[in-house]
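Comments concern the structure below.
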Amino acid sequence: MNGAEERRRRLLQIGSAAVFLVVAAVLVLIVVNASKTSGGDTNLEDVGLVAKQLKGIPQNGLVLGEPGARVTLYEFGDLKCPVCKGFSEEIIPGVIDSKVRGGEAKIQFENFTIIDEESTPAGAAAIAAGKQGRGWSFIELFYRNQGLETASYVNDEFLTEIARGAGVPDIAKWNKDRKAAATLAEVKRTTEEAERLGFTGTPSFAVEGPGTSGLETLGTPGEARQLEEAIEAAS
Amino acid sequence: MKAALSQAEGESNTVAAMRAPAEGTLRTIATFIAAFGIGVATYIAIADSGGGSPVCIAGGSGCETVAESTYSHLLGANIAVFGIAGYVLLLAASLLRGDAARMAGFGLSLVGFGYSVYLTYLELFKIEAICEWCVASAALMTILFCLNAIRMIGYVGKPA
């Protein structure tokens, strides 16, 4: 075998090795991604689903829907609450599609922190995301990636992944806002408001519109239809 | 015996070279594909830099969903930026002659193709949305990989 052939053979061997390495790297990436479990980890689930669910609906602060909507449905929730997660997945989507998307009502999320000490930073992070128009994206994505109620998982890494997945554009600003004293005070204020309204569990709902005399509490309706009827009565 | 072996190898290589398309043709096609890839990746990067997302020509929200996902950025930058860099290097490799360009083109397109496979997996099973522009880029990278693989196998170690 002459020098040129030897060189060609060596280069082809290098090429074959490169193919092997890249195939192995891709397989490792896929296996690592696939093996991550959901719930309280940083492998976000349902990013696309949340984006699709909220697509085209205005978000201002923690309000979802047209700012001029006649009726406001208030949801007092705790991001660590598993029942709230159930509502987020089973009840609220129906209300969004039937009443919010068409502009009849808007939903305002209020933090009612009752689970544990991680509920407050979670709620503050949602408020900070709301300052960049991603409050409801954050809330919905948090619920879909929620960990066990008794587990400790609401750390900087988890919250940042949720914020990124929710599409918060300025993470540095979001970090500053979520740790601000005013944001933490806002979480405390809405929790006290929920208690003042007589709520004892999450999620609890209230409605306000032309058909109500101020804020009317609804408790915790078990079906989307009950919330829809309350909105219709308040219109 | 040695002479016979040498003759047999020479014939075998000649056959391999004859089967591969002309290197000039492969380079010309790769140049156009890489230039097209630069255009696609640049559009995705510009759409993202404006705070928006690429517009899916066939409709739907797949492009927006993928652009808003956490997987659309790597090391703080939109992955389309890395795509632009990759296509520019592939363009250069297709314009240059010699073994260095052949091996560089093959290596770059191999990495680009592998990463495209990974991104397509993410779209299908993690993000659960398909972005037409990402699919277009993956298709272009696949073609570039095939062209560069044929170029490398057919011509590496031979005079430019």
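Residues are named by chain letter and number: chains run A, B, ... in the order of the structure tokens, numbers start at 1 in each chain, and ligands are numbered from 1 in the order shown.
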
Within 8 Å of chain B, which residues belong to chain A? Use only C-alpha atoms and report them as a PyMOL selection string.
chain A and resi 1+4-5+7-9+11-12+15+18-19+22-23+26+29-30+45-49+51-52+161+164-167+169

Selection near Gly83 (chain B), 12 Å with only C-alpha atoms, sequence-local residues under 6 positions removed, as a short mmCIF file (atom, residue, chain, number, x, y, z; two decimals) with C-alpha atoms, in the first residue's frame:
```cif
data_model
loop_
_atom_site.label_atom_id
_atom_site.label_comp_id
_atom_site.auth_asym_id
_atom_site.auth_seq_id
_atom_site.Cartn_x
_atom_site.Cartn_y
_atom_site.Cartn_z
CA ALA B 34 -25.34 25.89 2.70
CA ALA B 35 -26.28 29.35 1.42
CA PHE B 36 -29.96 28.40 1.65
CA GLY B 37 -29.33 27.12 5.19
CA ILE B 38 -27.78 30.46 6.17
CA GLY B 39 -30.99 32.13 4.98
CA VAL B 40 -33.25 29.81 6.98
CA ALA B 41 -31.19 30.07 10.19
CA THR B 42 -30.89 33.85 9.83
CA TYR B 43 -34.66 34.20 9.49
CA ILE B 44 -35.22 32.15 12.69
CA ALA B 45 -32.58 34.19 14.58
CA SER B 72 -34.72 26.98 21.69
CA HIS B 73 -31.76 28.54 23.48
CA LEU B 74 -28.32 27.18 24.24
CA ALA B 77 -28.25 32.31 22.60
CA LEU B 89 -18.39 27.08 7.91
CA LEU B 90 -20.03 24.47 5.65
CA LEU B 108 -19.31 19.80 10.49
CA SER B 109 -22.23 18.35 8.57
CA VAL B 111 -22.34 17.24 13.93
CA GLY B 112 -25.08 19.40 12.37
CA PHE B 113 -26.99 16.32 11.23
CA TYR B 115 -27.87 17.77 16.43
CA SER B 116 -30.77 18.08 13.97
CA TRP B 133 -38.39 26.21 9.71
CA CYS B 134 -36.60 23.79 12.03
CA SER B 137 -33.06 23.34 8.44
CA ALA B 138 -32.87 19.68 9.48
CA LEU B 140 -30.90 20.94 4.52
CA MET B 141 -28.40 19.65 7.07
#
```

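Rounded to one decimal, CA of Leu62 (chain A) and CA of Ile114 (chain A) lie 18.6 Å from each other.
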
Identify, on the basis of only C-alpha atoms, every residue whose closest approach to Leu184 (chain A) does not exceed 10 Å; exclude the query and any residue fewer than 3 positions from it along the same chain; express the result as a PyMOL selection string.
chain A and resi 120-121+123-125+127+177-181+187-189

Save out the residues we just selected, C-alpha atoms, as a compact mmCIF listing (two decimals), in the first residue's frame.
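Final output, selection-v4.txt:
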```
# COMPACT_ATOMS: atom_id res chain seq x y z
CA THR A 120 -44.37 32.27 48.75
CA PRO A 121 -41.29 32.29 46.46
CA GLY A 123 -46.11 32.94 44.00
CA ALA A 124 -43.62 35.81 43.87
CA ALA A 125 -41.98 34.25 40.82
CA ILE A 127 -45.98 37.85 39.90
CA ASP A 177 -38.52 41.35 40.64
CA ARG A 178 -39.32 38.00 42.27
CA LYS A 179 -37.00 38.71 45.19
CA ALA A 180 -38.16 42.32 45.69
CA ALA A 181 -39.76 43.11 49.04
CA VAL A 187 -48.12 37.59 48.00
CA LYS A 188 -48.78 38.21 51.68
CA ARG A 189 -51.45 40.81 50.91
```

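Nearest residue to Arg101 (chain A) among A:Leu54, A:Thr212, A:Leu141, A:Ala185 is A:Leu54, counting only C-alpha atoms.
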
CA of Phe138 (chain A) and CA of Gly86 (chain A) are how many Å apart?
16.0 Å

According to DSSP computed on the backbone, where in region 32-109 of chain A is there alpha helix (DSSP H)? Give the residues as a ChimeraX atom specification.
/A:32-35,47-54,82-90,92-95

Enter the distance from CA of Thr150 (chain A) to CA of Glu193 (chain A), in Å, rounded to one decimal.
25.0 Å

Looking only at the backbone, which of the residues in chain B does DSSP tag as strand (DSSP E or B), as a VMD selection string?
chain B and resid 73 to 74 77 to 78

Quick one: everything within 12 Å of Lys85 (chain A), counting only C-alpha atoms, minus sequence neighbours fewer than 2 positions away in the same chain. Send it as a count of residues only.
28

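With only C-alpha atoms as the atoms that count, the minimum distance from Ile162 (chain A) to the choices A:Ala126, A:Leu227, A:Ala24, A:Ala69 is reached by A:Ala126.
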